[in-house]
$ cat work_22.txt   # compact mmCIF, C-alpha atoms and all ligand atoms
# COMPACT_ATOMS: atom_id res chain seq x y z
CA VAL A 1 115.30 116.32 112.06
CA ALA A 2 118.63 115.82 110.34
CA VAL A 3 119.92 112.29 109.82
CA THR A 4 123.02 111.61 111.91
CA CYS A 5 125.63 108.96 111.17
CA GLN A 6 127.75 107.53 113.94
CA TRP A 7 130.73 105.17 113.90
CA ARG A 8 130.08 102.31 116.34
CA GLY A 9 126.76 103.91 117.23
CA ALA A 10 124.39 102.08 119.58
CA PHE A 11 121.64 99.81 118.25
CA ASP A 12 119.54 96.91 119.43
CA ASP A 13 119.17 93.54 117.73
CA ALA A 14 115.45 93.95 117.01
CA GLU A 15 115.75 97.21 115.05
CA LEU A 16 118.73 95.96 113.05
CA THR A 17 116.94 92.71 112.24
CA ARG A 18 113.94 94.75 111.01
CA LEU A 19 116.09 96.98 108.80
CA HIS A 20 117.95 93.97 107.38
CA ARG A 21 114.70 92.18 106.55
CA GLU A 22 113.40 95.28 104.82
CA ALA A 23 116.61 96.02 102.90
CA PHE A 24 117.22 92.49 101.71
CA GLY A 25 113.62 91.59 101.04
CA THR A 26 113.16 88.85 103.58
CA GLU A 27 110.17 90.34 105.39
CA GLY A 28 107.82 87.73 106.71
CA SER A 29 110.36 84.96 106.25
CA GLY A 30 110.19 84.14 109.95
CA ASP A 31 113.97 84.48 110.26
CA GLU A 32 115.10 84.49 113.82
CA GLN A 33 116.37 87.74 115.20
CA ARG A 34 120.11 87.88 114.58
CA ARG A 35 122.43 88.44 117.55
CA TRP A 36 123.83 91.50 115.81
CA GLY A 37 125.35 93.11 118.90
CA GLU A 38 127.25 90.01 119.96
CA LEU A 39 128.43 89.24 116.40
CA LEU A 40 129.52 92.76 115.49
CA HIS A 41 131.43 93.29 118.72
CA ALA A 42 133.23 89.97 118.23
CA HIS A 43 134.03 90.15 114.52
CA SER A 44 133.93 93.70 113.18
CA LEU A 45 136.30 96.61 113.04
CA GLY A 46 133.19 98.71 113.46
CA TRP A 47 129.91 99.73 111.90
CA VAL A 48 128.00 102.87 111.09
CA VAL A 49 124.50 103.61 112.36
CA ALA A 50 122.35 106.31 110.73
CA ARG A 51 119.37 107.68 112.65
CA ASP A 52 116.55 110.04 111.81
CA GLY A 53 115.67 111.14 115.31
CA ASP A 54 115.35 107.84 117.16
CA ALA A 55 114.64 105.75 114.07
CA LEU A 56 117.37 103.51 112.63
CA VAL A 57 117.44 104.37 108.90
CA GLY A 58 120.87 103.20 107.74
CA PHE A 59 123.69 100.84 108.59
CA VAL A 60 126.90 99.27 107.33
CA ASN A 61 129.15 96.62 108.86
CA VAL A 62 132.94 96.81 108.46
CA ALA A 63 134.51 93.38 108.92
CA TRP A 64 138.30 92.98 108.79
CA ASP A 65 141.32 90.73 108.99
CA GLY A 66 142.76 92.59 111.99
CA ASP A 67 145.40 94.19 109.79
CA ALA A 68 145.34 95.71 106.30
CA HIS A 69 142.02 94.57 104.85
CA ALA A 70 138.53 95.75 105.76
CA PHE A 71 135.34 94.48 104.14
CA ILE A 72 131.99 96.20 103.65
CA LEU A 73 128.95 94.06 104.48
CA ASP A 74 125.22 94.73 104.84
CA THR A 75 125.03 98.26 103.47
CA MET A 76 121.40 99.23 103.99
CA VAL A 77 119.12 102.24 104.06
CA SER A 78 115.43 102.04 104.90
CA ARG A 79 113.07 102.40 101.92
CA THR A 80 111.60 105.62 103.29
CA HIS A 81 115.05 107.26 103.32
CA ARG A 82 116.73 106.15 100.08
CA HIS A 83 118.18 108.51 97.44
CA ARG A 84 118.98 111.20 99.97
CA GLY A 85 122.70 110.47 100.16
CA ILE A 86 122.52 108.47 103.41
CA GLY A 87 124.10 105.35 101.87
CA THR A 88 126.96 107.45 100.51
CA GLU A 89 127.48 109.14 103.88
CA VAL A 90 127.44 105.86 105.80
CA LEU A 91 130.08 104.44 103.42
CA ALA A 92 132.23 107.59 103.67
CA LEU A 93 132.30 107.30 107.47
CA ALA A 94 133.13 103.58 107.26
CA ARG A 95 135.95 104.35 104.83
CA GLU A 96 137.39 107.07 107.07
CA HIS A 97 137.39 104.85 110.15
CA ALA A 98 138.96 101.92 108.28
CA ARG A 99 141.70 104.32 107.20
CA LEU A 100 142.16 105.64 110.75
CA ALA A 101 142.44 102.05 112.00
CA GLY A 102 145.42 101.56 109.66
CA CYS A 103 143.72 99.47 106.99
CA GLN A 104 145.24 99.69 103.51
CA TRP A 105 142.31 98.30 101.54
CA LEU A 106 138.55 98.50 101.75
CA HIS A 107 136.75 95.74 99.83
CA VAL A 108 133.15 95.35 98.75
CA ASP A 109 131.31 93.16 96.28
CA TYR A 110 128.01 94.01 94.66
CA GLU A 111 125.73 93.18 91.81
CA ALA A 112 125.83 95.14 88.54
CA ASP A 113 122.84 97.35 89.35
CA LEU A 114 124.74 98.90 92.27
CA THR A 115 127.80 99.83 90.18
CA HIS A 116 126.82 103.50 90.10
CA PHE A 117 126.28 103.62 93.87
CA TYR A 118 129.57 101.96 94.84
CA GLU A 119 131.83 103.25 92.08
CA ASP A 120 130.51 106.75 91.31
CA ALA A 121 128.90 107.79 94.59
CA CYS A 122 131.24 105.97 97.04
CA GLY A 123 134.52 105.92 95.08
CA PHE A 124 135.27 102.19 94.83
CA ALA A 125 137.38 101.10 91.85
CA PRO A 126 136.14 98.10 89.86
CA THR A 127 138.17 94.91 90.23
CA SER A 128 137.82 91.22 89.56
CA ALA A 129 136.46 89.22 92.45
CA GLY A 130 135.30 85.67 93.04
CA LEU A 131 132.55 84.11 95.07
CA ILE A 132 131.47 80.59 95.99
CA ALA A 133 128.04 79.80 97.41
CA LEU A 134 129.10 77.38 100.13
CA SER A 135 125.54 76.22 100.68
CA GLU A 136 125.46 74.84 97.11
CA PRO A 137 126.81 71.40 96.26
CA PRO A 138 130.33 71.53 94.79
CA TRP A 139 130.32 71.42 90.98
CA ASN A 140 134.02 70.89 90.41
CA THR A 141 135.48 68.41 92.90
C1 LIG A 201 122.06 100.48 98.14
C2 LIG A 201 121.50 101.42 99.21
C3 LIG A 201 122.23 101.20 100.54
C4 LIG A 201 121.71 102.87 98.74
O1 LIG A 201 121.32 103.75 99.78
P1 LIG A 201 120.89 105.30 99.46
O2 LIG A 201 120.92 106.02 100.76
O3 LIG A 201 119.64 105.32 98.69
O4 LIG A 201 122.11 105.76 98.54
P2 LIG A 201 122.46 107.27 98.12
O5 LIG A 201 121.27 108.14 98.25
O6 LIG A 201 123.70 107.68 98.82
O7 LIG A 201 122.75 107.01 96.55
C5 LIG A 201 123.76 107.67 95.83
C6 LIG A 201 123.61 107.31 94.37
O8 LIG A 201 123.86 105.91 94.16
C7 LIG A 201 122.93 105.39 93.20
N1 LIG A 201 122.06 104.40 93.82
C8 LIG A 201 121.61 104.38 95.08
N2 LIG A 201 120.85 103.28 95.32
C9 LIG A 201 120.80 102.60 94.15
C10 LIG A 201 120.18 101.39 93.76
N3 LIG A 201 119.44 100.65 94.61
N4 LIG A 201 120.35 100.98 92.49
C11 LIG A 201 121.10 101.71 91.62
N5 LIG A 201 121.71 102.86 91.95
C12 LIG A 201 121.57 103.30 93.20
C13 LIG A 201 122.10 106.54 92.72
O9 LIG A 201 122.68 107.08 91.56
C14 LIG A 201 122.21 107.53 93.84
O10 LIG A 201 122.07 108.83 93.42
P3 LIG A 201 120.58 109.43 93.13
O11 LIG A 201 119.75 109.16 94.33
O12 LIG A 201 120.88 110.87 92.91
O13 LIG A 201 120.09 108.71 91.92
C15 LIG A 201 119.97 101.19 99.39
O14 LIG A 201 119.34 101.28 98.12
C16 LIG A 201 119.61 99.85 100.01
O15 LIG A 201 119.56 99.69 101.24
N6 LIG A 201 119.32 98.82 99.18
C17 LIG A 201 118.92 97.49 99.64
C18 LIG A 201 120.05 96.73 100.26
C19 LIG A 201 121.23 96.52 99.31
O16 LIG A 201 121.08 96.09 98.18
N7 LIG A 201 122.44 96.82 99.82
C20 LIG A 201 123.69 96.68 99.08
C21 LIG A 201 124.27 95.31 99.29
S1 LIG A 201 125.79 95.13 98.37
$ encode --input "work_22.txt" --output "structure tokens" --more "lines below"
Ligand SMILES: CC(C)(COP(=O)(O)OP(=O)(O)OC[C@H]1O[C@@H](n2cnc3c(N)ncnc32)[C@H](O)[C@@H]1OP(=O)(O)O)[C@@H](O)C(=O)NCCC(=O)NCCS
Amino acid sequence: VAVTCQWRGAFDDAELTRLHREAFGTEGSGDEQRRWGELLHAHSLGWVVARDGDALVGFVNVAWDGDAHAFILDTMVSRTHRHRGIGTEVLALAREHARLAGCQWLHVDYEADLTHFYEDACGFAPTSAGLIALSEPPWNT
């Protein structure tokens, strides 16, 4: 069965929570199921769902400012389906729909080991970016 990618495709909270736990290594952490459906419909421009038959195998969330800027979050492909181009395809569909929605810029941040994926496979240009871990105590007040 071919993998199909769909912009704003249907999903349920349980399967997305499972994929997120697997992709970000938090299996068994006892995290509560996230209210993905409610949150995405309230805050996102859209998202892409990849399915192999009925199984959810890939996902990306496209957050935005309601105008020119869209932001890639939670890019994930299930372990059983990696290195088949699904991540690249999911990002390409996200990029196309952000463009169709009138966005001028698509942002993402990532760690150094994903440089090849985001820059070579998906076409992002490197830039400077900044990040603050808000759960940490301030070090410079
Ligand atoms: C990152 C991720 C989404 C990539 O999905 P994928 O479907 O395997 O990606 P693709 O098959 O389209 O990869 C295209 C190319 O990017 C590079 N690439 C993909 N995943 C990579 C990884 N984890 N590390 C380094 N390079 C990677 C490879 O060069 C790959 O080509 P190759 O398979 O011929 O070597 C997937 O590994 C994943 O879910 N990881 C865990 C969650 C995560 O870290 N998400 C990113 C948060 S910023």
$ closest_residue --input "work_22.txt" --among "A:Arg82, A:His41, A:Arg21, A:Arg95" --to "ligand LIG 201 (chain A)" --atoms "only C-alpha atoms and all ligand atoms"
A:Arg82
$ residues_near_ligand --input "work_22.txt" --ligand "ligand LIG 201 (chain A)" --cutoff "10 Å" --atoms "only C-alpha atoms and all ligand atoms" --output "ChimeraX atom specification"
/A:19-25,57-60,72-92,108-122
$ residues_around --input "work_22.txt" --residues "A:Ala101" --least-positions-apart "5" --cutoff "10 Å" --atoms "all atoms listed in the file" --output "PyMOL selection string"
chain A and resi 45-46+66-68+70+95-96
$ closest_atom_pairs --input "work_22.txt" --of "stretch 79-135 of chain A" --to "stretch 7-13 of chain A" --cutoff "8 Å" --atoms "all atoms listed in the file" --output "tab-separated table"
residue	atom	partner	partner_atom	distance
A:Leu93	CA	A:Trp7	CA	7.0
A:Ala94	CA	A:Trp7	CA	7.2
A:His97	CA	A:Trp7	CA	7.6
$ atom_distance --input "work_22.txt" --atom1 "atom CA of A:Val62" --atom2 "atom CA of A:Ile132"
20.5 Å
$ atom_distance --input "work_22.txt" --atom1 "atom CA of A:Gly53" --atom2 "atom CA of A:Trp36"
21.3 Å
$ closest_residue --input "work_22.txt" --among "A:Thr127, A:Cys103, A:Cys5, A:Ala42" --to "A:Asp54" --atoms "only C-alpha atoms"
A:Cys5
$ atom_distance --input "work_22.txt" --atom1 "atom CA of A:Val48" --atom2 "atom CA of A:Leu106"
14.8 Å
$ closest_residue --input "work_22.txt" --among "A:Ala133, A:Ala125, A:Leu39, A:Leu56" --to "A:Arg18" --atoms "only C-alpha atoms"
A:Leu56
$ closest_residue --input "work_22.txt" --among "A:Leu134, A:Ala98, A:Ala2, A:Ala129" --to "A:Ser44" --atoms "all atoms listed in the file"
A:Ala98
$ closest_residue --input "work_22.txt" --among "A:Asp52, A:Gly130, A:His69, A:Asn61" --to "A:Leu40" --atoms "only C-alpha atoms"
A:Asn61
$ axis_aligned_box --input "work_22.txt" --around "stretch 72-76 of chain A" --padding-each-side "5 Å" --output "lines of an AutoDock Vina configuration file"
center_x = 126.7
center_y = 96.6
center_z = 104.2
size_x = 20.6
size_y = 15.2
size_z = 11.4
$ closest_residue --input "work_22.txt" --among "A:Val49, A:Pro137, A:Trp105, A:Arg34" --to "A:Phe71" --atoms "only C-alpha atoms"
A:Trp105
$ build_atoms --input "work_22.txt" --residues "stretch 32-53 of chain A" --atoms "N, CA, C and O atoms" --output "PDB file, in the coordinates of the input"
ATOM      1  N   GLU A  32     114.899  84.131 112.427  1.00  0.00           N
ATOM      2  CA  GLU A  32     115.100  84.490 113.820  1.00  0.00           C
ATOM      3  C   GLU A  32     115.828  85.819 113.892  1.00  0.00           C
ATOM      4  O   GLU A  32     116.560  86.183 112.980  1.00  0.00           O
ATOM      5  N   GLN A  33     115.617  86.513 114.994  1.00  0.00           N
ATOM      6  CA  GLN A  33     116.370  87.740 115.200  1.00  0.00           C
ATOM      7  C   GLN A  33     117.852  87.392 115.285  1.00  0.00           C
ATOM      8  O   GLN A  33     118.232  86.457 115.980  1.00  0.00           O
ATOM      9  N   ARG A  34     118.672  88.138 114.550  1.00  0.00           N
ATOM     10  CA  ARG A  34     120.110  87.880 114.580  1.00  0.00           C
ATOM     11  C   ARG A  34     120.726  88.514 115.821  1.00  0.00           C
ATOM     12  O   ARG A  34     120.288  89.584 116.238  1.00  0.00           O
ATOM     13  N   ARG A  35     121.737  87.878 116.375  1.00  0.00           N
ATOM     14  CA  ARG A  35     122.430  88.440 117.550  1.00  0.00           C
ATOM     15  C   ARG A  35     123.463  89.462 117.059  1.00  0.00           C
ATOM     16  O   ARG A  35     124.674  89.270 117.223  1.00  0.00           O
ATOM     17  N   TRP A  36     122.954  90.526 116.443  1.00  0.00           N
ATOM     18  CA  TRP A  36     123.830  91.500 115.810  1.00  0.00           C
ATOM     19  C   TRP A  36     124.882  92.050 116.774  1.00  0.00           C
ATOM     20  O   TRP A  36     126.055  92.160 116.427  1.00  0.00           O
ATOM     21  N   GLY A  37     124.445  92.457 117.953  1.00  0.00           N
ATOM     22  CA  GLY A  37     125.350  93.110 118.900  1.00  0.00           C
ATOM     23  C   GLY A  37     126.533  92.206 119.236  1.00  0.00           C
ATOM     24  O   GLY A  37     127.698  92.605 119.145  1.00  0.00           O
ATOM     25  N   GLU A  38     126.217  90.976 119.593  1.00  0.00           N
ATOM     26  CA  GLU A  38     127.250  90.010 119.960  1.00  0.00           C
ATOM     27  C   GLU A  38     128.202  89.760 118.767  1.00  0.00           C
ATOM     28  O   GLU A  38     129.425  89.750 118.914  1.00  0.00           O
ATOM     29  N   LEU A  39     127.623  89.574 117.586  1.00  0.00           N
ATOM     30  CA  LEU A  39     128.430  89.240 116.400  1.00  0.00           C
ATOM     31  C   LEU A  39     129.305  90.412 115.970  1.00  0.00           C
ATOM     32  O   LEU A  39     130.486  90.233 115.652  1.00  0.00           O
ATOM     33  N   LEU A  40     128.740  91.598 115.950  1.00  0.00           N
ATOM     34  CA  LEU A  40     129.520  92.760 115.490  1.00  0.00           C
ATOM     35  C   LEU A  40     130.656  93.066 116.460  1.00  0.00           C
ATOM     36  O   LEU A  40     131.779  93.355 116.042  1.00  0.00           O
ATOM     37  N   HIS A  41     130.361  92.998 117.762  1.00  0.00           N
ATOM     38  CA  HIS A  41     131.430  93.290 118.720  1.00  0.00           C
ATOM     39  C   HIS A  41     132.537  92.251 118.648  1.00  0.00           C
ATOM     40  O   HIS A  41     133.699  92.555 118.890  1.00  0.00           O
ATOM     41  N   ALA A  42     132.208  91.027 118.294  1.00  0.00           N
ATOM     42  CA  ALA A  42     133.230  89.970 118.230  1.00  0.00           C
ATOM     43  C   ALA A  42     134.022  89.998 116.931  1.00  0.00           C
ATOM     44  O   ALA A  42     135.193  89.633 116.914  1.00  0.00           O
ATOM     45  N   HIS A  43     133.404  90.402 115.822  1.00  0.00           N
ATOM     46  CA  HIS A  43     134.030  90.150 114.520  1.00  0.00           C
ATOM     47  C   HIS A  43     134.307  91.383 113.673  1.00  0.00           C
ATOM     48  O   HIS A  43     134.931  91.247 112.615  1.00  0.00           O
ATOM     49  N   SER A  44     133.831  92.545 114.067  1.00  0.00           N
ATOM     50  CA  SER A  44     133.930  93.700 113.180  1.00  0.00           C
ATOM     51  C   SER A  44     134.938  94.727 113.664  1.00  0.00           C
ATOM     52  O   SER A  44     135.144  94.904 114.868  1.00  0.00           O
ATOM     53  N   LEU A  45     135.526  95.422 112.698  1.00  0.00           N
ATOM     54  CA  LEU A  45     136.300  96.610 113.040  1.00  0.00           C
ATOM     55  C   LEU A  45     135.355  97.673 113.604  1.00  0.00           C
ATOM     56  O   LEU A  45     135.684  98.391 114.537  1.00  0.00           O
ATOM     57  N   GLY A  46     134.193  97.749 113.007  1.00  0.00           N
ATOM     58  CA  GLY A  46     133.190  98.710 113.460  1.00  0.00           C
ATOM     59  C   GLY A  46     131.993  98.672 112.547  1.00  0.00           C
ATOM     60  O   GLY A  46     131.868  97.773 111.707  1.00  0.00           O
ATOM     61  N   TRP A  47     131.133  99.654 112.701  1.00  0.00           N
ATOM     62  CA  TRP A  47     129.910  99.730 111.900  1.00  0.00           C
ATOM     63  C   TRP A  47     129.448 101.187 111.967  1.00  0.00           C
ATOM     64  O   TRP A  47     129.921 101.966 112.813  1.00  0.00           O
ATOM     65  N   VAL A  48     128.560 101.522 111.070  1.00  0.00           N
ATOM     66  CA  VAL A  48     128.000 102.870 111.090  1.00  0.00           C
ATOM     67  C   VAL A  48     126.482 102.758 111.233  1.00  0.00           C
ATOM     68  O   VAL A  48     125.841 101.939 110.548  1.00  0.00           O
ATOM     69  N   VAL A  49     125.935 103.551 112.115  1.00  0.00           N
ATOM     70  CA  VAL A  49     124.500 103.610 112.360  1.00  0.00           C
ATOM     71  C   VAL A  49     124.003 104.991 111.932  1.00  0.00           C
ATOM     72  O   VAL A  49     124.579 106.002 112.326  1.00  0.00           O
ATOM     73  N   ALA A  50     122.971 105.034 111.105  1.00  0.00           N
ATOM     74  CA  ALA A  50     122.350 106.310 110.730  1.00  0.00           C
ATOM     75  C   ALA A  50     120.965 106.379 111.357  1.00  0.00           C
ATOM     76  O   ALA A  50     120.177 105.433 111.249  1.00  0.00           O
ATOM     77  N   ARG A  51     120.677 107.504 111.994  1.00  0.00           N
ATOM     78  CA  ARG A  51     119.370 107.680 112.650  1.00  0.00           C
ATOM     79  C   ARG A  51     118.709 108.979 112.215  1.00  0.00           C
ATOM     80  O   ARG A  51     119.367 110.006 112.065  1.00  0.00           O
ATOM     81  N   ASP A  52     117.389 108.867 112.024  1.00  0.00           N
ATOM     82  CA  ASP A  52     116.550 110.040 111.810  1.00  0.00           C
ATOM     83  C   ASP A  52     115.766 110.203 113.097  1.00  0.00           C
ATOM     84  O   ASP A  52     114.813 109.459 113.347  1.00  0.00           O
ATOM     85  N   GLY A  53     116.209 111.120 113.947  1.00  0.00           N
ATOM     86  CA  GLY A  53     115.670 111.140 115.310  1.00  0.00           C
ATOM     87  C   GLY A  53     116.068 109.844 115.990  1.00  0.00           C
ATOM     88  O   GLY A  53     117.236 109.471 115.990  1.00  0.00           O
TER      89      GLY A  53
END
